[in-house]
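*Asks:* Attaching a single structure in structure tokens format; questions to follow.
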Amino acid sequence: MGTRSVTAALCISLLSAGAAGYCYTRADALQVQGQWLMERGTAQAEDYANRLDGTAADAQLKTFAERRAVLGRAHQWQRGMMLGILASVLAAVSAYMLFLLKRLDDQLVDAMGELRPSSPPVHVSSEPTPAFVSSPQR
């Protein structure tokens, strides 16, 4: 549990954030395309209202089906974006927790080093000590 684990968690966090950013750009492009298809469908609806031609209605239905497929793909990219954000945040929190654990481990190692005696041990006499010590009565 050293700096490699913290570095790995930070790398995973950055990769996940990058993946979330990529998913955002893809979802945004598909949203723009879906908006354009909606405008196109509206124009086809106005054309149908003016001419009452069945081919315009069929073209409008085809455009709306295409828009639905595009927006379905956009929602998939949005889900990927949310998963990327979640993974990035979890990896960042894990990196922080690993950093704190490393600091705690270092502090424990330092504390154990201070408890070890630096001088040779003092020999204790083998005389029994009294269990109770008398004290003056008042």
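By convention in this document, the chains of the structure tokens carry letters A, B, ... by their order, each chain's residues are numbered from 1, and ligands are numbered from 1 in the order they are shown.
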For range 1-11 of chain A, work out the shell of residues within 10 Å, counting only C-alpha atoms and skipping chain neighbours fewer than 4 positions away, then give it as a PDB file with N, CA and C atoms, in the first residue's frame.

*Replies:*
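For reference, result18.pdb as written:
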ATOM      1  N   LEU A  15      -8.378   8.712 -16.311  1.00  0.00           N
ATOM      2  CA  LEU A  15      -8.878   8.010 -17.492  1.00  0.00           C
ATOM      3  C   LEU A  15     -10.403   8.006 -17.532  1.00  0.00           C
ATOM      4  N   SER A  16     -11.020   7.812 -16.389  1.00  0.00           N
ATOM      5  CA  SER A  16     -12.482   7.813 -16.327  1.00  0.00           C
ATOM      6  C   SER A  16     -13.042   9.199 -16.637  1.00  0.00           C
ATOM      7  N   ALA A  17     -12.365  10.230 -16.140  1.00  0.00           N
ATOM      8  CA  ALA A  17     -12.804  11.595 -16.441  1.00  0.00           C
ATOM      9  C   ALA A  17     -12.655  11.886 -17.936  1.00  0.00           C
ATOM     10  N   SER A  88     -14.797   8.025 -12.017  1.00  0.00           N
ATOM     11  CA  SER A  88     -13.760   9.021 -11.731  1.00  0.00           C
ATOM     12  C   SER A  88     -13.826   9.485 -10.284  1.00  0.00           C
ATOM     13  N   LEU A  90     -15.222   7.881  -7.725  1.00  0.00           N
ATOM     14  CA  LEU A  90     -14.878   6.770  -6.834  1.00  0.00           C
ATOM     15  C   LEU A  90     -13.373   6.511  -6.809  1.00  0.00           C
ATOM     16  N   ALA A  91     -12.724   6.613  -7.957  1.00  0.00           N
ATOM     17  CA  ALA A  91     -11.271   6.411  -7.998  1.00  0.00           C
ATOM     18  C   ALA A  91     -10.546   7.535  -7.271  1.00  0.00           C
ATOM     19  N   ALA A  92     -11.046   8.763  -7.379  1.00  0.00           N
ATOM     20  CA  ALA A  92     -10.421   9.884  -6.669  1.00  0.00           C
ATOM     21  C   ALA A  92     -10.570   9.711  -5.156  1.00  0.00           C
ATOM     22  N   VAL A  93     -11.750   9.297  -4.707  1.00  0.00           N
ATOM     23  CA  VAL A  93     -11.954   9.055  -3.276  1.00  0.00           C
ATOM     24  C   VAL A  93     -11.072   7.902  -2.809  1.00  0.00           C
ATOM     25  N   SER A  94     -10.960   6.875  -3.627  1.00  0.00           N
ATOM     26  CA  SER A  94     -10.086   5.745  -3.269  1.00  0.00           C
ATOM     27  C   SER A  94      -8.627   6.190  -3.180  1.00  0.00           C
ATOM     28  N   ALA A  95      -8.205   7.046  -4.094  1.00  0.00           N
ATOM     29  CA  ALA A  95      -6.827   7.553  -4.046  1.00  0.00           C
ATOM     30  C   ALA A  95      -6.589   8.336  -2.768  1.00  0.00           C
ATOM     31  N   TYR A  96      -7.559   9.150  -2.374  1.00  0.00           N
ATOM     32  CA  TYR A  96      -7.412   9.920  -1.139  1.00  0.00           C
ATOM     33  C   TYR A  96      -7.364   8.997   0.075  1.00  0.00           C
ATOM     34  N   MET A  97      -8.225   7.983   0.095  1.00  0.00           N
ATOM     35  CA  MET A  97      -8.215   7.047   1.219  1.00  0.00           C
ATOM     36  C   MET A  97      -6.899   6.272   1.272  1.00  0.00           C
ATOM     37  N   LEU A  98      -6.383   5.863   0.129  1.00  0.00           N
ATOM     38  CA  LEU A  98      -5.100   5.167   0.105  1.00  0.00           C
ATOM     39  C   LEU A  98      -3.964   6.081   0.558  1.00  0.00           C
ATOM     40  N   PHE A  99      -4.041   7.353   0.196  1.00  0.00           N
ATOM     41  CA  PHE A  99      -3.048   8.321   0.653  1.00  0.00           C
ATOM     42  C   PHE A  99      -3.091   8.463   2.171  1.00  0.00           C
ATOM     43  N   LEU A 100      -4.305   8.542   2.723  1.00  0.00           N
ATOM     44  CA  LEU A 100      -4.441   8.652   4.180  1.00  0.00           C
ATOM     45  C   LEU A 100      -3.942   7.392   4.880  1.00  0.00           C
ATOM     46  N   LEU A 101      -4.236   6.238   4.306  1.00  0.00           N
ATOM     47  CA  LEU A 101      -3.738   4.986   4.895  1.00  0.00           C
ATOM     48  C   LEU A 101      -2.220   4.914   4.842  1.00  0.00           C
ATOM     49  N   LYS A 102      -1.626   5.397   3.776  1.00  0.00           N
ATOM     50  CA  LYS A 102      -0.162   5.421   3.665  1.00  0.00           C
ATOM     51  C   LYS A 102       0.433   6.335   4.732  1.00  0.00           C
ATOM     52  N   ARG A 103      -0.172   7.509   4.915  1.00  0.00           N
ATOM     53  CA  ARG A 103       0.313   8.423   5.962  1.00  0.00           C
ATOM     54  C   ARG A 103       0.191   7.795   7.335  1.00  0.00           C
ATOM     55  N   ASP A 105       0.149   4.611   8.062  1.00  0.00           N
ATOM     56  CA  ASP A 105       1.148   3.546   8.150  1.00  0.00           C
ATOM     57  C   ASP A 105       2.537   4.125   8.435  1.00  0.00           C
ATOM     58  N   ASP A 106       2.875   5.211   7.770  1.00  0.00           N
ATOM     59  CA  ASP A 106       4.165   5.861   8.025  1.00  0.00           C
ATOM     60  C   ASP A 106       4.253   6.382   9.461  1.00  0.00           C
TER      61      ASP A 106
END

*Asks:* Find the spatial neighbours of Gly34 in chain A, counting only C-alpha atoms, within a cut-off of 7 Å - ignore same-chain residues fewer than 3 positions away - and output them as a ChimeraX atom specification.

*Replies:* /A:30-31,37-38,67,70-71

*Asks:* Save out the residues we just selected, all heavy atoms, as a tab-separated table (two decimals), in the first residue's frame.

*Replies:*
chain	number	residue	atom	x	y	z
A	30	LEU	N	-24.71	14.13	-31.01
A	30	LEU	CA	-25.94	13.41	-31.38
A	30	LEU	C	-27.18	14.22	-31.01
A	30	LEU	O	-28.20	14.16	-31.71
A	30	LEU	CB	-25.96	12.03	-30.73
A	30	LEU	CG	-24.97	11.03	-31.33
A	30	LEU	CD1	-24.90	9.77	-30.48
A	30	LEU	CD2	-25.36	10.69	-32.76
A	31	GLN	N	-27.13	14.97	-29.90
A	31	GLN	CA	-28.25	15.83	-29.53
A	31	GLN	C	-28.47	16.92	-30.59
A	31	GLN	O	-29.60	17.24	-30.95
A	31	GLN	CB	-28.01	16.48	-28.15
A	31	GLN	CG	-28.10	15.52	-27.00
A	31	GLN	CD	-29.53	15.16	-26.65
A	31	GLN	OE1	-30.50	15.73	-27.14
A	31	GLN	NE2	-29.67	14.17	-25.80
A	37	LEU	N	-32.79	17.05	-36.94
A	37	LEU	CA	-33.83	16.16	-37.48
A	37	LEU	C	-35.22	16.61	-37.05
A	37	LEU	O	-36.19	16.46	-37.80
A	37	LEU	CB	-33.55	14.71	-37.07
A	37	LEU	CG	-32.39	14.04	-37.78
A	37	LEU	CD1	-32.07	12.70	-37.13
A	37	LEU	CD2	-32.70	13.86	-39.26
A	38	MET	N	-35.33	17.14	-35.86
A	38	MET	CA	-36.63	17.66	-35.39
A	38	MET	C	-37.05	18.86	-36.23
A	38	MET	O	-38.22	18.98	-36.61
A	38	MET	CB	-36.53	18.04	-33.91
A	38	MET	CG	-37.82	18.50	-33.33
A	38	MET	SD	-38.98	17.14	-33.28
A	38	MET	CE	-40.38	17.93	-32.58
A	67	ARG	N	-34.70	10.25	-36.10
A	67	ARG	CA	-34.43	11.07	-34.91
A	67	ARG	C	-34.49	10.22	-33.65
A	67	ARG	O	-33.67	10.36	-32.75
A	67	ARG	CB	-35.45	12.20	-34.82
A	67	ARG	CG	-35.25	13.07	-33.59
A	67	ARG	CD	-36.28	14.22	-33.57
A	67	ARG	NE	-36.06	15.04	-32.41
A	67	ARG	CZ	-36.68	14.88	-31.24
A	67	ARG	NH1	-37.57	13.91	-31.12
A	67	ARG	NH2	-36.43	15.65	-30.23
A	70	VAL	N	-31.30	8.27	-33.38
A	70	VAL	CA	-30.18	9.15	-33.01
A	70	VAL	C	-30.26	9.50	-31.53
A	70	VAL	O	-29.25	9.47	-30.81
A	70	VAL	CB	-30.18	10.43	-33.90
A	70	VAL	CG1	-29.28	11.50	-33.32
A	70	VAL	CG2	-29.77	10.09	-35.31
A	71	LEU	N	-31.44	9.82	-31.05
A	71	LEU	CA	-31.57	10.16	-29.63
A	71	LEU	C	-31.35	8.95	-28.73
A	71	LEU	O	-30.86	9.08	-27.61
A	71	LEU	CB	-32.94	10.79	-29.36
A	71	LEU	CG	-33.13	12.19	-29.94
A	71	LEU	CD1	-34.52	12.73	-29.61
A	71	LEU	CD2	-32.07	13.15	-29.46

*Asks:* Just want the 10 Å neighbourhood of range 22-29 of chain A, counted on only C-alpha atoms, with same-chain residues fewer than 2 positions away dropped. Output as a short mmCIF file (atom, residue, chain, number, x, y, z; two decimals) with N, CA and C atoms, in the first residue's frame.

*Replies:*
data_model
loop_
_atom_site.label_atom_id
_atom_site.label_comp_id
_atom_site.auth_asym_id
_atom_site.auth_seq_id
_atom_site.Cartn_x
_atom_site.Cartn_y
_atom_site.Cartn_z
N SER A 16 -11.02 7.81 -16.39
CA SER A 16 -12.48 7.81 -16.33
C SER A 16 -13.04 9.20 -16.64
N ALA A 17 -12.36 10.23 -16.14
CA ALA A 17 -12.80 11.60 -16.44
C ALA A 17 -12.66 11.89 -17.94
N GLY A 18 -11.58 11.41 -18.54
CA GLY A 18 -11.40 11.58 -19.98
C GLY A 18 -12.46 10.85 -20.78
N ALA A 19 -12.78 9.63 -20.35
CA ALA A 19 -13.84 8.87 -21.02
C ALA A 19 -15.18 9.56 -20.88
N ALA A 20 -15.44 10.14 -19.70
CA ALA A 20 -16.69 10.88 -19.51
C ALA A 20 -16.74 12.11 -20.41
N GLN A 31 -27.13 14.97 -29.90
CA GLN A 31 -28.25 15.83 -29.53
C GLN A 31 -28.47 16.92 -30.59
N VAL A 32 -27.36 17.50 -31.08
CA VAL A 32 -27.47 18.51 -32.13
C VAL A 32 -28.06 17.91 -33.40
N GLN A 33 -27.60 16.70 -33.73
CA GLN A 33 -28.15 16.03 -34.90
C GLN A 33 -29.64 15.73 -34.72
N GLY A 34 -30.03 15.32 -33.51
CA GLY A 34 -31.45 15.08 -33.22
C GLY A 34 -32.27 16.36 -33.31
N GLN A 35 -31.70 17.47 -32.86
CA GLN A 35 -32.41 18.75 -32.97
C GLN A 35 -32.59 19.13 -34.44
N VAL A 70 -31.30 8.27 -33.38
CA VAL A 70 -30.18 9.15 -33.01
C VAL A 70 -30.26 9.50 -31.53
N LEU A 71 -31.44 9.82 -31.05
CA LEU A 71 -31.57 10.16 -29.63
C LEU A 71 -31.35 8.95 -28.73
N GLY A 72 -31.68 7.76 -29.22
CA GLY A 72 -31.38 6.54 -28.47
C GLY A 72 -29.88 6.36 -28.28
N ARG A 73 -29.11 6.60 -29.37
CA ARG A 73 -27.65 6.53 -29.26
C ARG A 73 -27.11 7.63 -28.34
N ALA A 74 -27.73 8.81 -28.41
CA ALA A 74 -27.29 9.91 -27.53
C ALA A 74 -27.51 9.55 -26.06
N HIS A 75 -28.60 8.89 -25.76
CA HIS A 75 -28.86 8.48 -24.38
C HIS A 75 -27.85 7.43 -23.92
N GLN A 76 -27.44 6.55 -24.82
CA GLN A 76 -26.41 5.57 -24.46
C GLN A 76 -25.09 6.27 -24.12
N TRP A 77 -24.73 7.27 -24.91
CA TRP A 77 -23.50 8.02 -24.61
C TRP A 77 -23.63 8.80 -23.30
N GLN A 78 -24.83 9.27 -23.02
CA GLN A 78 -25.04 9.98 -21.75
C GLN A 78 -24.89 9.02 -20.57
N ARG A 79 -25.39 7.79 -20.71
CA ARG A 79 -25.19 6.80 -19.65
C ARG A 79 -23.71 6.50 -19.46
N GLY A 80 -22.98 6.39 -20.57
CA GLY A 80 -21.54 6.20 -20.48
C GLY A 80 -20.86 7.36 -19.78
N MET A 81 -21.34 8.57 -20.05
CA MET A 81 -20.79 9.75 -19.40
C MET A 81 -21.02 9.69 -17.90
N MET A 82 -22.21 9.33 -17.50
CA MET A 82 -22.52 9.24 -16.06
C MET A 82 -21.68 8.15 -15.38
N LEU A 83 -21.50 7.02 -16.05
CA LEU A 83 -20.66 5.96 -15.50
C LEU A 83 -19.20 6.42 -15.39
N GLY A 84 -18.74 7.17 -16.38
CA GLY A 84 -17.38 7.69 -16.34
C GLY A 84 -17.18 8.67 -15.19
#

*Asks:* Given the choices A:Arg68, A:Leu86, A:Ala49, A:Met112, which gets closest to Ser13 in chain A if the distance is worked out from only C-alpha atoms?

*Replies:*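 For Ser13 in chain A, the nearest of the given residues is A:Leu86.
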
*Asks:* Quick one: distance from CA of Thr63 in chain A to CA of Tyr48 in chain A in Å, one decimal?

*Replies:*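 It comes out at 13.4 Å.
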
*Asks:* Between A:Val89, A:Gln137, A:Asp110, A:Asp53, which is the closest to Leu14 in chain A once you count only C-alpha atoms?

*Replies:*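 Checking each candidate against Leu14 in chain A, we get A:Val89 as the closest.
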
*Asks:* Please, what distance in Å, to one decimal, runs between CA of Gln44 in chain A and CA of Glu66 in chain A?

*Replies:*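 CA of Glu66 in chain A lies 13.8 Å from CA of Gln44 in chain A.
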
*Asks:* When DSSP works through the backbone of this structure, what residues of chain A end up as alpha helix (DSSP H), shown as a PyMOL selection string?

*Replies:* chain A and resi 3-51+54-115
